[in-house]
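This is target.cif (mmCIF, C-alpha atoms).
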data_my_file
loop_
_atom_site.group_PDB
_atom_site.id
_atom_site.type_symbol
_atom_site.label_atom_id
_atom_site.label_comp_id
_atom_site.auth_asym_id
_atom_site.auth_seq_id
_atom_site.Cartn_x
_atom_site.Cartn_y
_atom_site.Cartn_z
ATOM 1 C CA VAL N 1 133.908 109.974 104.392
ATOM 2 C CA THR N 2 131.526 112.586 105.762
ATOM 3 C CA PHE N 3 127.980 112.168 107.060
ATOM 4 C CA ARG N 4 124.824 114.238 106.977
ATOM 5 C CA PHE N 5 121.066 113.866 106.963
ATOM 6 C CA VAL N 6 118.789 114.648 104.037
ATOM 7 C CA GLU N 7 115.020 114.697 103.625
ATOM 8 C CA THR N 8 113.828 112.297 100.938
ATOM 9 C CA ASN N 9 110.411 110.904 100.111
ATOM 10 C CA GLY N 10 109.003 111.807 103.511
ATOM 11 C CA ILE N 11 111.817 110.355 105.633
ATOM 12 C CA ARG N 12 115.093 111.569 107.139
ATOM 13 C CA MET N 13 118.016 109.609 105.693
ATOM 14 C CA ARG N 14 121.627 109.435 106.842
ATOM 15 C CA ILE N 15 124.111 109.409 103.977
ATOM 16 C CA ALA N 16 127.852 108.819 103.809
ATOM 17 C CA GLU N 17 129.605 110.864 101.135
ATOM 18 C CA ALA N 18 133.006 111.207 99.507
ATOM 19 C CA GLY N 19 134.222 113.065 96.421
ATOM 20 C CA ASP N 20 133.122 116.617 95.662
ATOM 21 C CA GLU N 21 132.438 116.409 91.946
ATOM 22 C CA GLY N 22 132.050 114.058 89.012
ATOM 23 C CA PRO N 23 129.189 111.697 88.165
ATOM 24 C CA VAL N 24 127.151 110.595 91.145
ATOM 25 C CA VAL N 25 127.313 106.967 92.238
ATOM 26 C CA LEU N 26 124.625 105.721 94.643
ATOM 27 C CA LEU N 27 125.680 102.670 96.658
ATOM 28 C CA VAL N 28 122.636 100.756 97.897
ATOM 29 C CA HIS N 29 123.219 98.168 100.625
ATOM 30 C CA GLY N 30 121.267 94.985 101.278
ATOM 31 C CA TRP N 31 120.085 92.974 104.297
ATOM 32 C CA PRO N 32 121.310 92.891 106.998
ATOM 33 C CA GLU N 33 123.797 95.612 106.192
ATOM 34 C CA SER N 34 124.632 99.319 106.390
ATOM 35 C CA TRP N 35 126.323 102.135 104.520
ATOM 36 C CA TYR N 36 129.431 100.545 106.066
ATOM 37 C CA SER N 37 129.199 97.624 103.637
ATOM 38 C CA TRP N 38 130.719 100.004 101.051
ATOM 39 C CA ARG N 39 133.609 101.161 103.256
ATOM 40 C CA HIS N 40 136.210 99.923 100.730
ATOM 41 C CA GLN N 41 134.379 101.049 97.591
ATOM 42 C CA ILE N 42 133.597 104.608 98.762
ATOM 43 C CA PRO N 43 137.208 105.899 98.760
ATOM 44 C CA ALA N 44 138.119 103.895 95.653
ATOM 45 C CA LEU N 45 135.271 105.421 93.647
ATOM 46 C CA ALA N 46 135.903 108.911 95.028
ATOM 47 C CA ASN N 47 139.569 108.634 94.069
ATOM 48 C CA ALA N 48 138.479 107.555 90.575
ATOM 49 C CA GLY N 49 136.610 110.841 90.123
ATOM 50 C CA TYR N 50 133.072 110.105 91.252
ATOM 51 C CA ARG N 51 130.788 111.774 93.768
ATOM 52 C CA VAL N 52 129.891 108.831 95.990
ATOM 53 C CA VAL N 53 126.801 108.595 98.189
ATOM 54 C CA ALA N 54 126.016 105.578 100.393
ATOM 55 C CA PRO N 55 122.806 105.872 102.426
ATOM 56 C CA ASP N 56 121.601 103.930 105.384
ATOM 57 C CA MET N 57 118.513 102.573 103.678
ATOM 58 C CA ARG N 58 114.988 103.077 105.045
ATOM 59 C CA GLY N 59 114.723 101.146 108.312
ATOM 60 C CA TYR N 60 118.481 100.907 108.890
ATOM 61 C CA GLY N 61 121.121 102.683 110.944
ATOM 62 C CA GLU N 62 120.293 106.327 111.595
ATOM 63 C CA THR N 63 117.734 106.627 108.776
ATOM 64 C CA ASP N 64 114.060 106.756 109.730
ATOM 65 C CA ALA N 65 112.231 103.450 110.173
ATOM 66 C CA PRO N 66 108.475 103.892 109.555
ATOM 67 C CA ALA N 67 106.187 101.556 111.485
ATOM 68 C CA ALA N 68 103.909 100.370 108.659
ATOM 69 C CA VAL N 69 104.964 97.298 106.654
ATOM 70 C CA ASP N 70 103.596 98.834 103.434
ATOM 71 C CA ASP N 71 106.017 101.747 103.834
ATOM 72 C CA TYR N 72 108.786 99.367 102.758
ATOM 73 C CA ASP N 73 107.333 98.413 99.381
ATOM 74 C CA ILE N 74 109.407 98.843 96.227
ATOM 75 C CA VAL N 75 107.638 102.070 95.214
ATOM 76 C CA HIS N 76 108.705 103.680 98.496
ATOM 77 C CA LEU N 77 112.246 102.295 98.238
ATOM 78 C CA ALA N 78 112.760 103.462 94.651
ATOM 79 C CA GLY N 79 111.165 106.772 95.618
ATOM 80 C CA ASP N 80 113.780 107.148 98.343
ATOM 81 C CA MET N 81 116.533 106.903 95.733
ATOM 82 C CA VAL N 82 114.958 109.513 93.460
ATOM 83 C CA GLY N 83 114.258 111.772 96.439
ATOM 84 C CA LEU N 84 117.887 111.407 97.454
ATOM 85 C CA LEU N 85 118.997 112.595 94.005
ATOM 86 C CA ASP N 86 116.632 115.554 94.344
ATOM 87 C CA ALA N 87 118.110 116.372 97.756
ATOM 88 C CA LEU N 88 121.605 116.232 96.252
ATOM 89 C CA GLY N 89 120.548 118.523 93.401
ATOM 90 C CA GLU N 90 121.431 115.861 90.833
ATOM 91 C CA ASP N 91 119.468 114.859 87.744
ATOM 92 C CA GLN N 92 121.047 111.430 87.317
ATOM 93 C CA ALA N 93 123.235 108.842 89.006
ATOM 94 C CA ILE N 94 124.838 105.496 88.420
ATOM 95 C CA ILE N 95 123.218 103.100 90.890
ATOM 96 C CA ILE N 96 125.021 100.108 92.385
ATOM 97 C CA GLY N 97 123.103 97.718 94.621
ATOM 98 C CA HIS N 98 123.845 94.526 96.511
ATOM 99 C CA ASP N 99 121.289 91.946 97.724
ATOM 100 C CA TRP N 100 118.080 93.886 98.575
ATOM 101 C CA GLY N 101 119.923 96.933 97.305
ATOM 102 C CA ALA N 102 120.130 95.229 93.918
ATOM 103 C CA LEU N 103 116.354 94.835 93.853
ATOM 104 C CA VAL N 104 115.992 98.488 94.788
ATOM 105 C CA ALA N 105 118.445 99.394 92.022
ATOM 106 C CA TRP N 106 116.666 97.309 89.359
ATOM 107 C CA TYR N 107 113.283 98.799 90.237
ATOM 108 C CA SER N 108 114.615 102.341 90.599
ATOM 109 C CA VAL N 109 115.809 102.166 86.989
ATOM 110 C CA LEU N 110 112.580 100.496 85.824
ATOM 111 C CA LEU N 111 110.263 102.935 87.603
ATOM 112 C CA HIS N 112 112.347 106.091 87.066
ATOM 113 C CA PRO N 113 114.394 105.436 83.900
ATOM 114 C CA SER N 114 115.297 109.074 83.243
ATOM 115 C CA ARG N 115 117.072 109.427 86.603
ATOM 116 C CA PHE N 116 119.751 106.751 86.154
ATOM 117 C CA SER N 117 122.566 106.471 83.635
ATOM 118 C CA GLY N 118 124.003 103.101 84.620
ATOM 119 C CA LEU N 119 123.387 100.098 86.870
ATOM 120 C CA VAL N 120 125.507 97.503 88.625
ATOM 121 C CA ALA N 121 123.461 94.756 90.284
ATOM 122 C CA MET N 122 125.215 92.440 92.720
ATOM 123 C CA SER N 123 123.924 89.030 93.810
ATOM 124 C CA VAL N 124 120.302 89.414 92.655
ATOM 125 C CA PRO N 125 119.630 89.128 88.892
ATOM 126 C CA TYR N 126 116.500 90.361 87.115
ATOM 127 C CA GLY N 127 114.744 88.391 84.409
ATOM 128 C CA GLY N 128 111.548 90.397 84.070
ATOM 129 C CA ARG N 129 108.215 90.343 85.833
ATOM 130 C CA SER N 130 107.211 86.817 86.855
ATOM 131 C CA ALA N 131 103.850 85.314 85.930
ATOM 132 C CA GLN N 132 103.046 84.665 89.596
ATOM 133 C CA SER N 133 103.920 86.266 92.889
ATOM 134 C CA PRO N 134 107.383 85.034 93.978
ATOM 135 C CA LEU N 135 105.927 84.369 97.421
ATOM 136 C CA ASP N 136 103.508 81.827 95.938
ATOM 137 C CA GLY N 137 106.420 80.047 94.297
ATOM 138 C CA TRP N 138 108.434 79.823 97.515
ATOM 139 C CA GLN N 139 105.429 78.593 99.481
ATOM 140 C CA ALA N 140 104.851 75.847 96.922
ATOM 141 C CA GLN N 141 108.545 74.937 96.922
ATOM 142 C CA PHE N 142 109.205 74.850 100.670
ATOM 143 C CA GLY N 143 105.815 74.042 102.211
ATOM 144 C CA ASP N 144 106.296 73.399 105.938
ATOM 145 C CA ASN N 145 110.110 73.454 105.701
ATOM 146 C CA PHE N 146 112.168 76.403 106.879
ATOM 147 C CA TYR N 147 113.087 79.056 104.337
ATOM 148 C CA TYR N 148 114.310 82.393 105.614
ATOM 149 C CA ILE N 149 112.186 84.501 103.228
ATOM 150 C CA LEU N 150 109.031 82.688 104.348
ATOM 151 C CA TYR N 151 110.172 82.975 107.984
ATOM 152 C CA HIS N 152 110.425 86.718 107.440
ATOM 153 C CA GLN N 153 106.725 86.832 106.524
ATOM 154 C CA GLU N 154 105.649 85.898 110.063
ATOM 155 C CA PRO N 155 104.634 89.110 111.887
ATOM 156 C CA GLY N 156 107.132 90.057 114.571
ATOM 157 C CA VAL N 157 108.835 86.666 114.776
ATOM 158 C CA ALA N 158 112.118 86.961 112.888
ATOM 159 C CA GLU N 159 113.015 90.399 114.204
ATOM 160 C CA ALA N 160 112.411 89.212 117.777
ATOM 161 C CA GLU N 161 114.916 86.392 117.256
ATOM 162 C CA TYR N 162 117.497 88.646 115.594
ATOM 163 C CA ASP N 163 117.073 91.562 118.028
ATOM 164 C CA ALA N 164 117.807 89.171 120.902
ATOM 165 C CA ASP N 165 121.169 88.172 119.368
ATOM 166 C CA PRO N 166 122.420 90.576 116.677
ATOM 167 C CA ARG N 167 126.008 89.343 116.949
ATOM 168 C CA GLY N 168 124.884 85.728 116.677
ATOM 169 C CA LEU N 169 123.078 86.409 113.406
ATOM 170 C CA LEU N 170 125.603 88.725 111.783
ATOM 171 C CA SER N 171 128.652 86.640 112.722
ATOM 172 C CA ARG N 172 127.014 83.624 111.044
ATOM 173 C CA LEU N 173 125.920 85.462 107.893
ATOM 174 C CA TYR N 174 129.127 87.451 107.299
ATOM 175 C CA LEU N 175 131.254 84.459 106.297
ATOM 176 C CA SER N 176 132.860 82.950 103.209
ATOM 177 C CA PRO N 177 131.785 79.536 101.880
ATOM 178 C CA SER N 178 135.085 78.124 103.173
ATOM 179 C CA SER N 179 134.813 79.673 106.663
ATOM 180 C CA PRO N 180 135.047 77.026 109.404
ATOM 181 C CA ARG N 181 131.886 76.644 111.489
ATOM 182 C CA GLU N 182 130.550 74.642 114.371
ATOM 183 C CA PRO N 183 127.744 72.189 113.512
ATOM 184 C CA PRO N 184 124.291 73.840 113.449
ATOM 185 C CA GLN N 185 122.134 73.399 116.533
ATOM 186 C CA ILE N 186 118.990 72.814 114.471
ATOM 187 C CA THR N 187 119.107 70.205 111.708
ATOM 188 C CA ASP N 188 115.391 69.420 111.377
ATOM 189 C CA PRO N 189 114.241 71.078 108.109
ATOM 190 C CA LEU N 190 110.724 71.796 109.395
ATOM 191 C CA ARG N 191 109.948 75.428 110.253
ATOM 192 C CA SER N 192 108.407 74.223 113.511
ATOM 193 C CA ALA N 193 111.858 73.098 114.694
ATOM 194 C CA GLY N 194 112.965 76.683 115.277
ATOM 195 C CA GLY N 195 114.214 79.942 113.827
ATOM 196 C CA TRP N 196 117.265 80.760 111.730
ATOM 197 C CA ILE N 197 120.265 81.467 113.956
ATOM 198 C CA GLY N 198 120.350 77.899 115.288
ATOM 199 C CA ARG N 199 120.403 76.555 111.732
ATOM 200 C CA LEU N 200 123.597 78.485 110.947
ATOM 201 C CA GLY N 201 126.744 77.025 112.441
ATOM 202 C CA ALA N 202 128.645 79.524 114.583
ATOM 203 C CA PRO N 203 131.997 80.581 113.083
ATOM 204 C CA THR N 204 135.142 79.217 114.675
ATOM 205 C CA GLU N 205 137.243 81.991 113.125
ATOM 206 C CA ARG N 206 136.576 85.334 111.436
ATOM 207 C CA PRO N 207 137.124 85.623 107.660
ATOM 208 C CA ALA N 208 140.144 87.694 106.621
ATOM 209 C CA TRP N 209 137.929 90.401 105.106
ATOM 210 C CA LEU N 210 135.983 91.116 108.332
ATOM 211 C CA SER N 211 137.769 92.432 111.404
ATOM 212 C CA GLU N 212 136.373 92.355 114.918
ATOM 213 C CA VAL N 213 136.098 96.154 114.719
ATOM 214 C CA ASP N 214 134.020 95.833 111.528
ATOM 215 C CA LEU N 215 131.683 93.322 113.111
ATOM 216 C CA ASP N 216 131.376 95.480 116.241
ATOM 217 C CA TYR N 217 130.255 98.437 114.118
ATOM 218 C CA TYR N 218 127.600 96.429 112.284
ATOM 219 C CA VAL N 219 126.323 94.959 115.545
ATOM 220 C CA SER N 220 126.120 98.430 117.110
ATOM 221 C CA GLN N 221 123.926 99.651 114.257
ATOM 222 C CA PHE N 222 121.419 96.835 114.696
ATOM 223 C CA GLU N 223 121.510 97.065 118.485
ATOM 224 C CA ALA N 224 120.425 100.700 118.080
ATOM 225 C CA THR N 225 117.817 100.242 115.352
ATOM 226 C CA GLY N 226 116.676 96.621 115.487
ATOM 227 C CA PHE N 227 115.936 94.347 112.559
ATOM 228 C CA ARG N 228 112.256 95.067 111.927
ATOM 229 C CA GLY N 229 112.807 97.675 109.179
ATOM 230 C CA GLY N 230 115.036 95.394 107.136
ATOM 231 C CA VAL N 231 112.777 92.366 107.595
ATOM 232 C CA ASN N 232 109.831 94.463 106.371
ATOM 233 C CA TYR N 233 111.448 94.578 102.918
ATOM 234 C CA TYR N 234 110.799 90.827 102.691
ATOM 235 C CA ARG N 235 107.190 91.263 103.790
ATOM 236 C CA ASN N 236 106.560 93.226 100.595
ATOM 237 C CA PHE N 237 107.521 90.591 98.022
ATOM 238 C CA HIS N 238 103.865 89.869 97.223
ATOM 239 C CA ARG N 239 102.817 93.511 97.420
ATOM 240 C CA ASN N 240 105.673 94.535 95.122
ATOM 241 C CA TRP N 241 104.421 92.057 92.541
ATOM 242 C CA GLU N 242 100.832 93.288 92.937
ATOM 243 C CA ILE N 243 101.631 96.991 92.533
ATOM 244 C CA THR N 244 103.926 96.766 89.486
ATOM 245 C CA PRO N 245 101.810 95.223 86.669
ATOM 246 C CA GLN N 246 102.934 98.105 84.445
ATOM 247 C CA LEU N 247 106.407 96.501 84.329
ATOM 248 C CA ALA N 248 105.169 93.361 82.535
ATOM 249 C CA ASP N 249 106.991 94.264 79.312
ATOM 250 C CA ALA N 250 109.434 96.852 80.665
ATOM 251 C CA GLN N 251 113.139 96.699 79.891
ATOM 252 C CA VAL N 252 116.142 98.061 81.759
ATOM 253 C CA MET N 253 117.413 100.606 79.255
ATOM 254 C CA VAL N 254 120.741 101.646 80.801
ATOM 255 C CA PRO N 255 124.194 100.050 80.589
ATOM 256 C CA THR N 256 124.144 97.256 83.179
ATOM 257 C CA ARG N 257 126.650 94.888 84.718
ATOM 258 C CA PHE N 258 125.915 91.937 86.989
ATOM 259 C CA ILE N 259 128.325 90.672 89.660
ATOM 260 C CA ALA N 260 127.947 87.742 92.059
ATOM 261 C CA GLY N 261 129.957 85.104 93.828
ATOM 262 C CA GLU N 262 129.980 81.708 92.123
ATOM 263 C CA GLN N 263 128.747 80.176 95.395
ATOM 264 C CA ASP N 264 126.166 82.860 96.187
ATOM 265 C CA VAL N 265 123.020 80.999 97.250
ATOM 266 C CA VAL N 266 120.867 83.586 95.442
ATOM 267 C CA ILE N 267 122.045 82.501 91.981
ATOM 268 C CA ALA N 268 121.756 78.819 92.970
ATOM 269 C CA GLY N 269 124.723 77.626 90.951
ATOM 270 C CA ALA N 270 123.770 79.430 87.734
ATOM 271 C CA THR N 271 126.567 79.888 85.212
ATOM 272 C CA GLU N 272 127.575 83.086 83.445
ATOM 273 C CA ALA N 273 125.845 81.810 80.298
ATOM 274 C CA ALA N 274 122.617 80.979 82.137
ATOM 275 C CA LEU N 275 122.493 84.335 83.902
ATOM 276 C CA THR N 276 123.207 86.165 80.650
ATOM 277 C CA ALA N 277 120.420 84.264 78.903
ATOM 278 C CA MET N 278 118.032 85.084 81.735
ATOM 279 C CA MET N 279 118.744 88.808 81.819
ATOM 280 C CA ALA N 280 119.526 89.697 78.195
ATOM 281 C CA PRO N 281 115.875 89.783 76.986
ATOM 282 C CA VAL N 282 114.998 92.494 79.508
ATOM 283 C CA VAL N 283 118.440 94.145 79.752
ATOM 284 C CA PRO N 284 119.409 94.993 76.155
ATOM 285 C CA ASP N 285 122.630 96.752 77.201
ATOM 286 C CA LEU N 286 123.984 94.052 79.505
ATOM 287 C CA ARG N 287 127.720 94.760 79.797
ATOM 288 C CA GLY N 288 128.727 91.431 81.204
ATOM 289 C CA VAL N 289 128.133 88.944 83.992
ATOM 290 C CA ILE N 290 131.050 88.548 86.394
ATOM 291 C CA LEU N 291 131.111 85.579 88.775
ATOM 292 C CA LEU N 292 133.807 85.657 91.441
ATOM 293 C CA PRO N 293 135.187 82.246 92.488
ATOM 294 C CA ASP N 294 135.198 80.963 96.087
#

Mind turning the file's structure into structure tokens?
Amino acid sequence: VTFRFVETNGIRMRIAEAGDEGPVVLLVHGWPESWYSWRHQIPALANAGYRVVAPDMRGYGETDAPAAVDDYDIVHLAGDMVGLLDALGEDQAIIIGHDWGALVAWYSVLLHPSRFSGLVAMSVPYGGRSAQSPLDGWQAQFGDNFYYILYHQEPGVAEAEYDADPRGLLSRLYLSPSSPREPPQITDPLRSAGGWIGRLGAPTERPAWLSEVDLDYYVSQFEATGFRGGVNYYRNFHRNWEITPQLADAQVMVPTRFIAGEQDVVIAGATEAALTAMMAPVVPDLRGVILLPD
């Protein structure tokens, strides 16, 4: 894996690369992650004949982190992906995204359909434009109770908590469903009872897929950059809905596959059949839903 910086969409972006030729694959990480989230996939894809590019997304790692919240809306994020292709001298890519990276991947294909030849979305499905802002739905659902996406709307609050204890947050989020934990320190569901780290039981052992060296690298990236850029993605949920009315009847017109863990909280227990039924009307070339057990 080699690293360099490119100019894209008005920012300076660090990219990790492997493979000199073949179709381009863009690997788009989520929150709170890094190019390093793809450390196993990068060599595998390069060895399979692809040109692989994994950026630190806007606001992460060594990529620029603009100050304005609006600079993290979905138009900017999709524009970063297209600008990255321009910087690489490539007309098209296959785009693979996880978590927030999946949202960026869905919208990159929707907003710039000619620039992408395939899509793999991980964790976050897409069922078309909703009738109301998703933020309104979450506020109605959770009210005064804690929900991390609503917590992330509060100016300056979440990033202050996370910046004060990056290892505490990441070590609690980077776990498997079966990972042993201590009891959470905060059990009161009300938002007023506290932030997020105390609601997540501290791990009593590391999962087999995450070494101490891996965790140290992730922590170092957030110690250097802070969490504000990544949290700003969440602060654009309502804005993203407001600025994309043109997608009301849009379809994802590239071959698409969806992958998630069966216990991923994002899919909330949905089955393969339910996810297929949700996505198929707006993803005519859906090439399967894969749910990984445990």

Result set, the PyMOL selection byres ((chain N and resi 6-14) around 7) on current file, as a PDB file with C-alpha atoms, keeping the file's coordinate frame:
ATOM      1  CA  PHE N   3     127.980 112.168 107.060  1.00  0.00           C
ATOM      2  CA  ARG N   4     124.824 114.238 106.977  1.00  0.00           C
ATOM      3  CA  PHE N   5     121.066 113.866 106.963  1.00  0.00           C
ATOM      4  CA  ILE N  15     124.111 109.409 103.977  1.00  0.00           C
ATOM      5  CA  ALA N  16     127.852 108.819 103.809  1.00  0.00           C
ATOM      6  CA  PRO N  55     122.806 105.872 102.426  1.00  0.00           C
ATOM      7  CA  ASP N  56     121.601 103.930 105.384  1.00  0.00           C
ATOM      8  CA  GLU N  62     120.293 106.327 111.595  1.00  0.00           C
ATOM      9  CA  THR N  63     117.734 106.627 108.776  1.00  0.00           C
ATOM     10  CA  ASP N  64     114.060 106.756 109.730  1.00  0.00           C
ATOM     11  CA  GLY N  79     111.165 106.772  95.618  1.00  0.00           C
ATOM     12  CA  ASP N  80     113.780 107.148  98.343  1.00  0.00           C
ATOM     13  CA  GLY N  83     114.258 111.772  96.439  1.00  0.00           C
ATOM     14  CA  LEU N  84     117.887 111.407  97.454  1.00  0.00           C
ATOM     15  CA  ALA N  87     118.110 116.372  97.756  1.00  0.00           C
TER      16      ALA N  87
END

Subject >> Residues returned when the PyMOL selection byres ((chain N and resi 234-242) around 6) runs on this file, as a list in words >> reply: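 Applying the expression gives Asp73, Ile74, Ser133, Leu135, Gln153, Val231, Asn232, Tyr233, Ile243 and Thr244 of chain N.
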
**OP:** Find the residues near range 90-96 of chain N: any atom within 10 Å, counting only C-alpha atoms, skip ones fewer than 5 places away on the same chain, and give them as number ranges by chain.
**Re:** N: 23-29, 50-54, 81-85, 101-102, 104-106, 108-109, 113-122, 254-258

**OP:** Give me, please, the distance in Å between CA of Gly226 in chain N and CA of Arg191 in chain N, quoted to one decimal.
**Re:**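 These atoms are spaced 22.8 Å apart.
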
Given the PyMOL selection byres ((chain N and resi 259-276) around 10), the residues it picks as an mmCIF file with C-alpha atoms, in the coordinates of the input:
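After the write, result16.cif holds the following:
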data_model
loop_
_atom_site.group_PDB
_atom_site.id
_atom_site.type_symbol
_atom_site.label_atom_id
_atom_site.label_comp_id
_atom_site.auth_asym_id
_atom_site.auth_seq_id
_atom_site.Cartn_x
_atom_site.Cartn_y
_atom_site.Cartn_z
ATOM 1 C CA HIS N 98 123.845 94.526 96.511
ATOM 2 C CA ASP N 99 121.289 91.946 97.724
ATOM 3 C CA VAL N 120 125.507 97.503 88.625
ATOM 4 C CA ALA N 121 123.461 94.756 90.284
ATOM 5 C CA MET N 122 125.215 92.440 92.720
ATOM 6 C CA SER N 123 123.924 89.030 93.810
ATOM 7 C CA VAL N 124 120.302 89.414 92.655
ATOM 8 C CA PRO N 125 119.630 89.128 88.892
ATOM 9 C CA TYR N 126 116.500 90.361 87.115
ATOM 10 C CA GLY N 127 114.744 88.391 84.409
ATOM 11 C CA SER N 176 132.860 82.950 103.209
ATOM 12 C CA PRO N 177 131.785 79.536 101.880
ATOM 13 C CA ARG N 257 126.650 94.888 84.718
ATOM 14 C CA PHE N 258 125.915 91.937 86.989
ATOM 15 C CA ALA N 277 120.420 84.264 78.903
ATOM 16 C CA MET N 278 118.032 85.084 81.735
ATOM 17 C CA MET N 279 118.744 88.808 81.819
ATOM 18 C CA ALA N 280 119.526 89.697 78.195
ATOM 19 C CA PRO N 281 115.875 89.783 76.986
ATOM 20 C CA VAL N 283 118.440 94.145 79.752
ATOM 21 C CA LEU N 286 123.984 94.052 79.505
ATOM 22 C CA ARG N 287 127.720 94.760 79.797
ATOM 23 C CA GLY N 288 128.727 91.431 81.204
ATOM 24 C CA VAL N 289 128.133 88.944 83.992
ATOM 25 C CA ILE N 290 131.050 88.548 86.394
ATOM 26 C CA LEU N 291 131.111 85.579 88.775
ATOM 27 C CA LEU N 292 133.807 85.657 91.441
ATOM 28 C CA PRO N 293 135.187 82.246 92.488
ATOM 29 C CA ASP N 294 135.198 80.963 96.087
#

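The space separating CA of Gln251 in chain N from CA of Leu110 in chain N comes to 7.1 Å.
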
Original post:
Which one of N:Pro32, N:Gly156, N:Pro43, N:Pro134 sits closest to Ala18 in chain N if you count all atoms listed in the file?
Top reply: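 Residue with the minimum atom-to-atom distance to Ala18 in chain N: N:Pro43.
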
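The closest residue to Ala248 in chain N, picked from N:Pro155, N:Ser130, N:Gly201, N:Thr187 and counting all atoms listed in the file, is N:Ser130.
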
Original post:
What is the distance between CA of Asp86 in chain N and CA of Arg58 in chain N, in Å to one decimal?
Top reply: 16.5 Å

Original post:
Of the candidates N:Ala140, N:Ala202, N:Ile197, N:Leu175, which one gets nearest to Glu161 in chain N if we count all atoms listed in the file?
Top reply: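 Among the listed residues, N:Ile197 lies closest to Glu161 in chain N.
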
Original post:
If we count all atoms listed in the file, what is near Gly168 in chain N at a cut-off of 12 Å, once residues fewer than 3 positions away on the same chain are taken out, given as JSON, numbers by chain?
Top reply: {"N": [161, 162, 163, 164, 165, 171, 172, 173, 174, 196, 197, 198, 199, 200, 201, 202, 203, 215, 216, 218, 219, 222, 223]}

Please determine an axis-aligned box that encloses all atoms of range 14-19 of chain N listed in the file, with 5 Å added on each side, and express its centre and edge lengths in Å to one decimal as AutoDock Vina command-line options.
--center_x 127.9 --center_y 110.9 --center_z 101.6 --size_x 22.6 --size_y 14.2 --size_z 20.4

Subject >> Shortest interatomic distance to Glu21 in chain N - which of N:Leu88, N:Ala224, N:Met253, N:Ala68, counting all atoms listed in the file >> reply: N:Leu88
